[in-house]
>>> print(open('work14.txt').read())   # compact mmCIF, C-alpha atoms
# COMPACT_ATOMS: atom_id res chain seq x y z
CA MET A 1 127.00 106.68 114.93
CA PRO A 2 123.93 105.26 116.65
CA ILE A 3 120.25 105.87 116.62
CA LYS A 4 118.75 106.49 120.05
CA ILE A 5 115.52 104.70 120.88
CA GLN A 6 113.52 103.89 123.95
CA ASP A 7 114.69 101.00 126.10
CA SER A 8 113.11 97.65 125.09
CA LEU A 9 111.53 98.85 121.82
CA PRO A 10 110.94 95.62 119.80
CA ALA A 11 112.95 96.96 116.85
CA GLN A 12 116.10 97.02 119.01
CA LYS A 13 116.67 93.28 118.84
CA THR A 14 116.07 93.14 115.09
CA LEU A 15 118.40 96.04 114.34
CA GLU A 16 121.17 94.77 116.59
CA GLY A 17 120.88 91.39 114.84
CA GLU A 18 121.61 93.24 111.58
CA ASN A 19 124.74 94.80 113.11
CA ILE A 20 123.13 98.25 113.30
CA PHE A 21 124.42 100.49 116.09
CA VAL A 22 121.50 101.22 118.42
CA MET A 23 121.84 103.33 121.55
CA THR A 24 119.33 103.01 124.37
CA GLU A 25 118.18 105.93 126.48
CA TYR A 26 120.33 104.76 129.41
CA ARG A 27 123.56 104.84 127.41
CA ALA A 28 122.73 108.12 125.69
CA MET A 29 122.31 109.84 129.06
CA HIS A 30 126.07 109.64 129.54
CA GLN A 31 126.97 111.47 126.32
CA ASP A 32 127.40 115.24 126.17
CA ILE A 33 126.07 115.84 122.65
CA ARG A 34 122.88 117.27 121.25
CA PRO A 35 121.09 114.57 119.26
CA LEU A 36 118.65 115.30 116.47
CA HIS A 37 115.06 115.00 117.66
CA VAL A 38 112.87 113.25 115.09
CA LEU A 39 109.16 112.65 115.63
CA VAL A 40 107.44 109.87 113.67
CA LEU A 41 103.67 110.00 113.29
CA ASN A 42 103.05 106.34 112.51
CA LEU A 43 99.70 105.87 110.77
CA MET A 44 100.38 102.36 109.51
CA PRO A 45 98.45 99.40 110.99
CA ALA A 46 101.60 97.25 111.19
CA LYS A 47 103.29 99.65 113.57
CA ILE A 48 106.23 97.49 114.69
CA GLU A 49 107.14 96.62 111.09
CA THR A 50 107.10 100.30 110.10
CA GLU A 51 109.10 101.28 113.18
CA THR A 52 111.82 98.80 112.27
CA GLN A 53 111.98 99.83 108.62
CA LEU A 54 112.32 103.53 109.44
CA LEU A 55 114.79 103.03 112.28
CA ARG A 56 116.95 100.91 109.99
CA LYS A 57 117.23 103.83 107.54
CA LEU A 58 117.65 106.57 110.13
CA SER A 59 120.38 104.70 111.99
CA ASN A 60 122.99 104.39 109.23
CA THR A 61 124.41 107.91 109.47
CA PRO A 62 127.20 109.56 111.50
CA LEU A 63 124.55 111.34 113.56
CA GLN A 64 122.91 110.59 116.87
CA VAL A 65 119.18 110.62 116.31
CA GLU A 66 116.58 110.54 119.06
CA VAL A 67 113.38 109.09 117.63
CA GLU A 68 109.95 109.36 119.22
CA PHE A 69 106.80 107.73 117.92
CA MET A 70 103.38 109.35 117.95
CA GLN A 71 99.91 107.97 117.27
CA THR A 72 96.60 109.70 116.67
CA ALA A 73 94.39 110.22 119.71
CA SER A 74 91.18 110.30 117.67
CA TYR A 75 91.61 106.78 116.29
CA GLN A 76 92.62 103.69 118.26
CA PRO A 77 94.73 101.25 116.21
CA ARG A 78 93.45 97.67 116.16
CA HIS A 79 96.48 95.80 114.82
CA VAL A 80 98.91 96.36 117.69
CA GLU A 81 98.80 95.63 121.40
CA ALA A 82 97.64 98.54 123.55
CA SER A 83 100.61 97.91 125.83
CA HIS A 84 102.98 98.63 122.95
CA LEU A 85 101.31 101.95 122.24
CA ASP A 86 101.21 102.87 125.92
CA THR A 87 104.92 102.12 126.29
CA PHE A 88 106.41 103.56 123.11
CA TYR A 89 103.95 106.10 121.71
CA THR A 90 102.88 109.59 122.58
CA VAL A 91 99.96 111.70 121.33
CA PHE A 92 99.86 115.23 119.96
CA ASP A 93 98.75 116.93 123.18
CA GLU A 94 101.92 115.64 124.84
CA VAL A 95 104.31 117.13 122.26
CA LYS A 96 102.51 120.18 120.86
CA ASN A 97 104.53 122.59 123.00
CA ARG A 98 107.86 121.13 121.86
CA ASN A 99 110.02 121.62 118.76
CA PHE A 100 111.62 118.92 116.62
CA ASP A 101 114.46 118.93 114.12
CA GLY A 102 112.70 116.46 111.85
CA MET A 103 109.38 114.70 111.49
CA ILE A 104 108.12 111.78 109.43
CA ILE A 105 104.42 111.29 108.65
CA THR A 106 103.86 107.79 107.33
CA GLY A 107 101.35 106.42 104.91
CA ALA A 108 98.09 104.63 105.72
CA PRO A 109 95.96 102.09 103.80
CA LEU A 110 93.28 104.64 102.90
CA ASP A 111 93.83 104.97 99.15
CA HIS A 112 90.25 105.32 97.92
CA LYS A 113 88.84 107.13 100.93
CA LYS A 114 88.21 110.86 100.80
CA PHE A 115 90.45 112.72 103.17
CA GLU A 116 87.54 114.38 104.95
CA ASP A 117 86.02 110.94 105.59
CA VAL A 118 89.08 109.70 107.50
CA SER A 119 88.21 109.56 111.20
CA TYR A 120 91.39 111.32 112.31
CA TRP A 121 91.52 113.88 109.48
CA PRO A 122 90.84 116.93 111.73
CA GLU A 123 93.60 115.83 114.10
CA LEU A 124 96.00 115.18 111.23
CA CYS A 125 95.30 118.66 109.82
CA GLN A 126 96.08 120.12 113.23
CA ILE A 127 99.36 118.20 113.36
CA MET A 128 100.37 119.20 109.82
CA GLU A 129 99.68 122.86 110.58
CA TRP A 130 101.66 122.61 113.83
CA SER A 131 104.60 121.07 111.95
CA ARG A 132 105.04 124.28 109.96
CA THR A 133 106.13 126.19 113.06
CA HIS A 134 107.44 123.45 115.35
CA VAL A 135 109.40 121.16 112.99
CA HIS A 136 112.46 122.17 110.99
CA CYS A 137 111.88 119.64 108.18
CA THR A 138 109.01 117.20 107.64
CA LEU A 139 109.14 114.12 105.43
CA HIS A 140 105.77 112.78 104.23
CA MET A 141 105.43 109.22 102.94
CA CYS A 142 102.91 107.70 100.48
CA TRP A 143 99.36 108.42 101.77
CA GLY A 144 100.91 110.96 104.13
CA THR A 145 102.29 112.71 101.04
CA TYR A 146 98.90 112.92 99.34
CA ALA A 147 97.25 114.09 102.56
CA ALA A 148 99.85 116.85 102.97
CA LEU A 149 99.68 118.00 99.35
CA TYR A 150 95.91 118.23 99.71
CA TYR A 151 95.98 120.05 103.04
CA HIS A 152 98.82 122.48 102.31
CA TYR A 153 98.28 123.13 98.59
CA GLY A 154 94.80 121.89 97.69
CA ILE A 155 96.15 119.22 95.31
CA ASP A 156 93.72 116.30 95.47
CA LYS A 157 94.74 112.72 94.78
CA VAL A 158 93.51 110.86 91.73
CA ASN A 159 92.40 107.28 92.26
CA LEU A 160 93.96 104.66 90.00
CA GLU A 161 91.88 101.92 88.40
CA LYS A 162 94.42 99.31 89.46
CA LYS A 163 96.86 99.28 92.32
CA LEU A 164 100.40 100.31 91.46
CA SER A 165 102.61 97.61 92.97
CA GLY A 166 106.18 96.74 92.14
CA VAL A 167 109.70 98.07 91.83
CA TYR A 168 109.87 100.92 89.34
CA GLU A 169 112.58 102.90 87.61
CA HIS A 170 112.74 106.54 88.70
CA HIS A 171 114.59 109.48 87.20
CA VAL A 172 116.44 112.15 89.14
CA MET A 173 115.30 115.54 87.83
CA LYS A 174 117.49 117.82 89.94
CA LYS A 175 120.88 116.15 89.92
CA ASN A 176 122.58 118.88 91.95
CA SER A 177 120.16 118.48 94.86
CA PRO A 178 121.86 117.37 98.10
CA LEU A 179 119.07 114.81 98.45
CA PHE A 180 120.58 112.88 95.51
CA ARG A 181 124.26 113.00 96.44
CA GLY A 182 125.63 109.55 95.68
CA PHE A 183 122.59 108.60 93.55
CA ASP A 184 122.71 107.24 90.04
CA ASP A 185 120.71 109.19 87.45
CA VAL A 186 118.16 106.36 87.54
CA PHE A 187 117.21 104.59 90.75
CA TYR A 188 114.74 101.88 91.72
CA ALA A 189 112.15 102.01 94.49
CA PRO A 190 109.03 100.07 95.47
CA GLN A 191 105.61 101.56 94.92
CA SER A 192 102.43 100.31 96.58
CA ARG A 193 99.40 102.55 96.10
CA ALA A 194 96.17 103.08 94.22
CA MET A 195 96.40 106.87 93.91
CA THR A 196 98.53 109.51 92.27
CA VAL A 197 98.79 113.25 91.61
CA PRO A 198 99.22 114.66 88.10
CA ARG A 199 102.64 116.16 87.44
CA GLU A 200 101.06 119.30 86.00
CA GLU A 201 99.28 119.95 89.31
CA ILE A 202 102.63 119.96 91.12
CA GLU A 203 104.19 122.24 88.53
CA LYS A 204 101.35 124.77 88.91
CA VAL A 205 102.39 125.52 92.49
CA PRO A 206 105.36 127.94 92.66
CA GLU A 207 106.30 126.76 96.16
CA LEU A 208 106.79 123.16 95.03
CA GLU A 209 109.67 121.57 93.16
CA LEU A 210 109.57 118.18 91.43
CA LEU A 211 112.75 116.24 92.20
CA ALA A 212 112.11 112.75 90.82
CA CYS A 213 109.52 110.98 88.73
CA SER A 214 108.86 107.70 86.95
CA ASP A 215 107.54 107.05 83.45
CA GLU A 216 105.30 104.32 84.88
CA ALA A 217 104.68 105.45 88.46
CA GLY A 218 104.49 109.21 87.93
CA VAL A 219 105.40 111.83 90.54
CA THR A 220 107.82 110.34 93.06
CA ILE A 221 109.62 113.01 95.11
CA VAL A 222 108.60 116.64 95.63
CA LYS A 223 109.83 119.26 98.07
CA THR A 224 109.02 122.83 98.97
CA ARG A 225 111.51 125.38 97.66
CA ASP A 226 112.40 126.37 101.21
CA SER A 227 113.28 122.69 101.90
CA ARG A 228 111.01 122.52 104.93
CA GLN A 229 108.76 119.77 103.56
CA PHE A 230 109.39 116.67 101.45
CA PHE A 231 106.74 114.52 99.78
CA ILE A 232 107.65 110.96 98.75
CA THR A 233 105.25 108.56 97.01
CA CYS A 234 107.56 105.53 96.89
CA HIS A 235 108.69 103.19 99.67
CA PRO A 236 112.52 103.15 99.79
CA GLU A 237 112.26 101.82 103.36
CA TYR A 238 110.51 98.58 102.36
CA ASP A 239 111.99 95.22 103.33
CA SER A 240 112.79 92.70 100.62
CA ASP A 241 109.57 90.76 101.25
CA THR A 242 107.12 93.60 101.97
CA LEU A 243 105.56 93.63 98.50
CA ALA A 244 105.41 89.82 98.56
CA ARG A 245 103.53 89.81 101.85
CA GLU A 246 101.11 92.43 100.52
CA TYR A 247 100.56 90.36 97.37
CA PHE A 248 99.91 87.08 99.19
CA ARG A 249 97.71 88.85 101.75
CA ASP A 250 95.52 90.35 99.01
CA LYS A 251 95.44 87.05 97.14
CA LYS A 252 94.29 85.24 100.28
CA LYS A 253 91.48 87.80 100.59
CA GLY A 254 90.31 86.91 97.09
CA MET A 255 91.23 90.32 95.65
CA ASN A 256 92.96 88.77 92.61
CA PRO A 257 95.96 91.15 92.71
CA ASP A 258 98.41 91.51 89.84
CA LEU A 259 101.95 90.35 90.44
CA PRO A 260 104.16 93.22 91.63
CA VAL A 261 106.03 94.64 88.61
CA ASN A 262 109.77 93.94 88.26
CA TYR A 263 109.81 92.15 91.60
CA PHE A 264 109.69 88.35 91.51
CA PRO A 265 112.45 86.87 89.28
CA GLY A 266 110.80 85.58 86.13
CA ASN A 267 107.45 86.72 87.58
CA ASP A 268 107.51 83.56 89.69
CA PRO A 269 106.04 84.35 93.13
CA GLU A 270 107.71 81.25 94.53
CA ARG A 271 111.15 82.77 93.96
CA PRO A 272 112.55 85.28 96.45
CA PRO A 273 112.78 88.84 95.09
CA VAL A 274 116.12 90.50 94.35
CA VAL A 275 116.47 93.84 96.17
CA ARG A 276 117.43 96.71 93.85
CA TRP A 277 116.43 99.66 96.01
CA ARG A 278 118.30 99.25 99.31
CA SER A 279 121.30 101.50 98.54
CA ALA A 280 119.20 104.32 97.03
CA GLY A 281 116.77 104.08 99.92
CA GLN A 282 119.53 104.38 102.47
CA LEU A 283 121.06 107.33 100.63
CA LEU A 284 117.72 109.11 100.48
CA TYR A 285 117.11 108.94 104.22
CA SER A 286 120.75 109.66 105.09
CA ASN A 287 120.89 112.68 102.79
CA TRP A 288 117.57 114.02 104.05
CA LEU A 289 118.69 113.66 107.64
CA ASN A 290 122.12 115.17 107.04
CA TYR A 291 121.57 117.99 104.56
CA TYR A 292 118.01 119.04 105.34
CA VAL A 293 117.85 118.42 109.06
CA TYR A 294 121.28 118.31 110.72
CA GLN A 295 123.10 120.82 108.52
CA SER A 296 120.43 123.52 108.73
CA THR A 297 118.45 123.03 111.93
CA PRO A 298 119.12 125.64 114.65
CA TYR A 299 121.11 124.38 117.62
CA ASP A 300 118.33 125.68 119.84
CA VAL A 301 115.24 123.96 118.43
CA LYS A 302 113.05 126.62 120.00
CA GLN A 303 114.23 128.93 117.21
CA ILE A 304 112.52 126.81 114.55
CA ALA A 305 109.30 128.86 114.45
CA GLY A 306 109.34 131.35 111.60
CA GLU A 307 112.70 130.27 110.16
CA ASN A 308 113.34 130.28 106.42
CA ASN A 309 115.81 128.04 104.59
CA GLU A 310 117.58 128.89 101.38
CA ASP A 311 116.51 126.90 98.34
CA LYS A 312 118.67 123.80 97.92
>>> encode(input="work14.txt", output="structure tokens")
Amino acid sequence: MPIKIQDSLPAQKTLEGENIFVMTEYRAMHQDIRPLHVLVLNLMPAKIETETQLLRKLSNTPLQVEVEFMQTASYQPRHVEASHLDTFYTVFDEVKNRNFDGMIITGAPLDHKKFEDVSYWPELCQIMEWSRTHVHCTLHMCWGTYAALYYHYGIDKVNLEKKLSGVYEHHVMKKNSPLFRGFDDVFYAPQSRAMTVPREEIEKVPELELLACSDEAGVTIVKTRDSRQFFITCHPEYDSDTLAREYFRDKKKGMNPDLPVNYFPGNDPERPPVVRWRSAGQLLYSNWLNYYVYQSTPYDVKQIAGENNEDK
């Protein structure tokens, strides 16, 4: 089944070139079916790249998904054309009276900055609070995960001395969780961050459940026991060359970065990396969308406020 996106979104051409079924608004108008409504708050500077990565994962399911992108109103992005934002993005004031089946809050390159010092922090707090009553299930990614854990549960991030970059081995801790249907007991996923949260801080909060972790990378996937919020520190959506581009970018800036771990064959940055995370990454997004959004969201999204899911 297809993913529904706005007509002429740049990701359309890329996805269709990868043989991914994409449905434009015009075609979707002629189908009598209720699609899932997913809102993506894209905080990343490289907006088009992030759009494409997420749409690639959300599209490979038997569900019709209507994706909308949102930006912050209190901060104007500088790495994307204003015309792109005007055409494809909305702001919170335009959606705050609506309900959504799912929401994704992306990361942002703000690792060492205090949350309160982020220019759009008050707006982000408002959005995260709104999501509790207007979104059936919210998926937080990387910096978005740390921001949400801090806002909702007071768990502050811990800065790392060196950036964690590479493809790490992760262990499934709740094998009967629908999120891990089809997973191996051990899976690989990219990490790219300079912050973490201690496992014991997660385990102190009764409302939180640790689902996956890594001996090297630490806490990886957490969810609330009512399955309304997911917190993911890894990047299963990354392209094969994303870590390479980050590495060469930082090297060009004179930052002397370490080679990403378990990424370049033979630790030779001239050799193309071998992808070991694509299947697990696709399963993660497909299972989240199916079991935690589609299977449990009310048919009338206006009923989302105040709902309570059973622990899964």
>>> atom_distance(input="work14.txt", atom1="CA of Thr224 in chain A", atom2="CA of Cys137 in chain A")
10.2 Å
>>> residues_around(input="work14.txt", residues="Ile105 in chain A", least_positions_apart="2", cutoff="8 Å", atoms="only C-alpha atoms", output="list in words")
Val40, Leu41, Asn42, Leu43, Met103, Gly107, Thr138, Leu139, His140, Met141 and Gly144 of chain A
>>> closest_residue(input="work14.txt", among="A:Arg278, A:Lys252, A:Lys223, A:His136", to="Asn99 in chain A", atoms="all atoms listed in the file")
A:His136
>>> atom_distance(input="work14.txt", atom1="CA of Lys57 in chain A", atom2="CA of Tyr150 in chain A")
26.9 Å
>>> closest_residue(input="work14.txt", among="A:Ser131, A:Ser83, A:Thr220, A:Asn290", to="Ile104 in chain A", atoms="only C-alpha atoms")
A:Ser131
>>> closest_residue(input="work14.txt", among="A:Asn262, A:Gln229, A:Thr196, A:Thr90", to="Lys157 in chain A", atoms="only C-alpha atoms")
A:Thr196
>>> residues_around(input="work14.txt", residues="His84 in chain A", least_positions_apart="5", cutoff="12 Å", atoms="all atoms listed in the file", output="PyMOL selection string")
chain A and resi 6+8-11+46-48+51+69-71+77-79+89-90
>>> residues_around(input="work14.txt", residues="Ser165 in chain A", least_positions_apart="3", cutoff="12 Å", atoms="only C-alpha atoms", output="PyMOL selection string")
chain A and resi 160+162+168+189-195+216-217+233-235+242-247+250+257-264
>>> closest_residue(input="work14.txt", among="A:Gln53, A:Arg98, A:Pro35, A:Ile155", to="Gln12 in chain A", atoms="only C-alpha atoms")
A:Gln53
>>> atom_distance(input="work14.txt", atom1="CA of Tyr120 in chain A", atom2="CA of Thr72 in chain A")
7.0 Å
>>> closest_residue(input="work14.txt", among="A:Met128, A:Val197, A:Ile202, A:Val172", to="Ser214 in chain A", atoms="all atoms listed in the file")
A:Val172
>>> closest_residue(input="work14.txt", among="A:Ala147, A:Leu210, A:Ile232, A:Val80", to="Gly281 in chain A", atoms="only C-alpha atoms")
A:Ile232
>>> residues_around(input="work14.txt", residues="Lys96 in chain A", least_positions_apart="6", cutoff="9 Å", atoms="only C-alpha atoms", output="PDB file with C-alpha atoms, in the coordinates of the input")
ATOM      1  CA  ILE A 127      99.360 118.200 113.360  1.00  0.00           C
ATOM      2  CA  TRP A 130     101.660 122.610 113.830  1.00  0.00           C
ATOM      3  CA  HIS A 134     107.440 123.450 115.350  1.00  0.00           C
TER       4      HIS A 134
END
>>> decode(input="work14.txt", residues="range 38-77 of chain A", atoms="N, CA and C atoms", output="compact mmCIF listing (two decimals), in the first residue's frame")
# COMPACT_ATOMS: atom_id res chain seq x y z
N VAL A 38 -0.39 11.12 10.06
CA VAL A 38 0.87 11.19 10.81
C VAL A 38 1.49 12.56 10.62
N LEU A 39 1.78 13.21 11.72
CA LEU A 39 2.40 14.54 11.71
C LEU A 39 3.88 14.39 12.07
N VAL A 40 4.75 15.00 11.28
CA VAL A 40 6.19 14.94 11.53
C VAL A 40 6.69 16.34 11.87
N LEU A 41 7.14 16.53 13.10
CA LEU A 41 7.81 17.77 13.47
C LEU A 41 9.28 17.59 13.13
N ASN A 42 9.69 18.20 12.05
CA ASN A 42 11.05 18.01 11.53
C ASN A 42 11.96 19.12 12.05
N LEU A 43 12.83 18.78 12.99
CA LEU A 43 13.74 19.74 13.60
C LEU A 43 15.13 19.69 12.99
N MET A 44 15.35 18.79 12.04
CA MET A 44 16.67 18.64 11.46
C MET A 44 16.97 19.75 10.45
N PRO A 45 18.23 20.20 10.37
CA PRO A 45 18.58 21.23 9.38
C PRO A 45 18.40 20.73 7.95
N ALA A 46 18.85 19.49 7.68
CA ALA A 46 18.71 18.90 6.34
C ALA A 46 17.31 18.33 6.20
N LYS A 47 16.35 19.20 5.99
CA LYS A 47 14.95 18.80 6.04
C LYS A 47 14.58 17.81 4.94
N ILE A 48 15.01 18.05 3.72
CA ILE A 48 14.62 17.18 2.60
C ILE A 48 15.20 15.78 2.79
N GLU A 49 16.44 15.69 3.26
CA GLU A 49 17.05 14.39 3.52
C GLU A 49 16.26 13.62 4.58
N THR A 50 15.88 14.30 5.66
CA THR A 50 15.12 13.64 6.72
C THR A 50 13.74 13.25 6.25
N GLU A 51 13.10 14.10 5.46
CA GLU A 51 11.79 13.77 4.89
C GLU A 51 11.87 12.46 4.12
N THR A 52 12.87 12.35 3.26
CA THR A 52 13.00 11.17 2.40
C THR A 52 13.25 9.92 3.23
N GLN A 53 14.13 10.02 4.22
CA GLN A 53 14.44 8.86 5.06
C GLN A 53 13.20 8.35 5.79
N LEU A 54 12.42 9.26 6.36
CA LEU A 54 11.24 8.86 7.12
C LEU A 54 10.14 8.34 6.20
N LEU A 55 9.94 9.00 5.07
CA LEU A 55 8.90 8.54 4.15
C LEU A 55 9.23 7.15 3.60
N ARG A 56 10.51 6.89 3.39
CA ARG A 56 10.92 5.57 2.92
C ARG A 56 10.48 4.48 3.90
N LYS A 57 10.64 4.74 5.20
CA LYS A 57 10.27 3.75 6.22
C LYS A 57 8.76 3.66 6.40
N LEU A 58 8.07 4.77 6.37
CA LEU A 58 6.63 4.77 6.60
C LEU A 58 5.84 4.22 5.43
N SER A 59 6.47 4.15 4.27
CA SER A 59 5.75 3.75 3.06
C SER A 59 5.63 2.24 2.89
N ASN A 60 6.54 1.47 3.48
CA ASN A 60 6.61 0.04 3.19
C ASN A 60 5.73 -0.77 4.14
N THR A 61 4.45 -0.44 4.16
CA THR A 61 3.47 -1.16 4.97
C THR A 61 2.20 -1.30 4.15
N PRO A 62 1.27 -2.19 4.55
CA PRO A 62 0.01 -2.32 3.83
C PRO A 62 -1.02 -1.28 4.26
N LEU A 63 -0.56 -0.12 4.66
CA LEU A 63 -1.44 0.93 5.16
C LEU A 63 -1.30 2.18 4.31
N GLN A 64 -2.38 2.93 4.20
CA GLN A 64 -2.29 4.23 3.55
C GLN A 64 -2.04 5.27 4.63
N VAL A 65 -0.94 5.98 4.48
CA VAL A 65 -0.51 6.93 5.50
C VAL A 65 -0.46 8.33 4.90
N GLU A 66 -1.12 9.25 5.54
CA GLU A 66 -1.11 10.64 5.10
C GLU A 66 -0.16 11.40 6.01
N VAL A 67 0.95 11.85 5.45
CA VAL A 67 2.01 12.48 6.23
C VAL A 67 1.99 13.99 6.02
N GLU A 68 2.06 14.72 7.11
CA GLU A 68 2.20 16.17 7.06
C GLU A 68 3.45 16.57 7.83
N PHE A 69 4.13 17.58 7.33
CA PHE A 69 5.35 18.05 7.97
C PHE A 69 5.10 19.39 8.65
N MET A 70 5.69 19.53 9.83
CA MET A 70 5.54 20.75 10.62
C MET A 70 6.92 21.29 11.01
N GLN A 71 7.05 22.59 11.04
CA GLN A 71 8.27 23.25 11.50
C GLN A 71 7.92 24.11 12.71
N THR A 72 8.95 24.55 13.41
CA THR A 72 8.72 25.48 14.51
C THR A 72 8.49 26.88 13.95
N ALA A 73 7.64 27.64 14.62
CA ALA A 73 7.38 29.02 14.21
C ALA A 73 8.36 29.97 14.87
N SER A 74 8.94 29.55 16.01
CA SER A 74 9.82 30.43 16.78
C SER A 74 11.27 30.37 16.32
N TYR A 75 11.57 29.53 15.36
CA TYR A 75 12.93 29.46 14.80
C TYR A 75 12.83 29.23 13.30
N GLN A 76 13.50 30.07 12.53
CA GLN A 76 13.47 29.96 11.08
C GLN A 76 14.68 29.16 10.59
N PRO A 77 14.47 27.99 10.01
CA PRO A 77 15.59 27.18 9.51
C PRO A 77 16.40 27.93 8.46
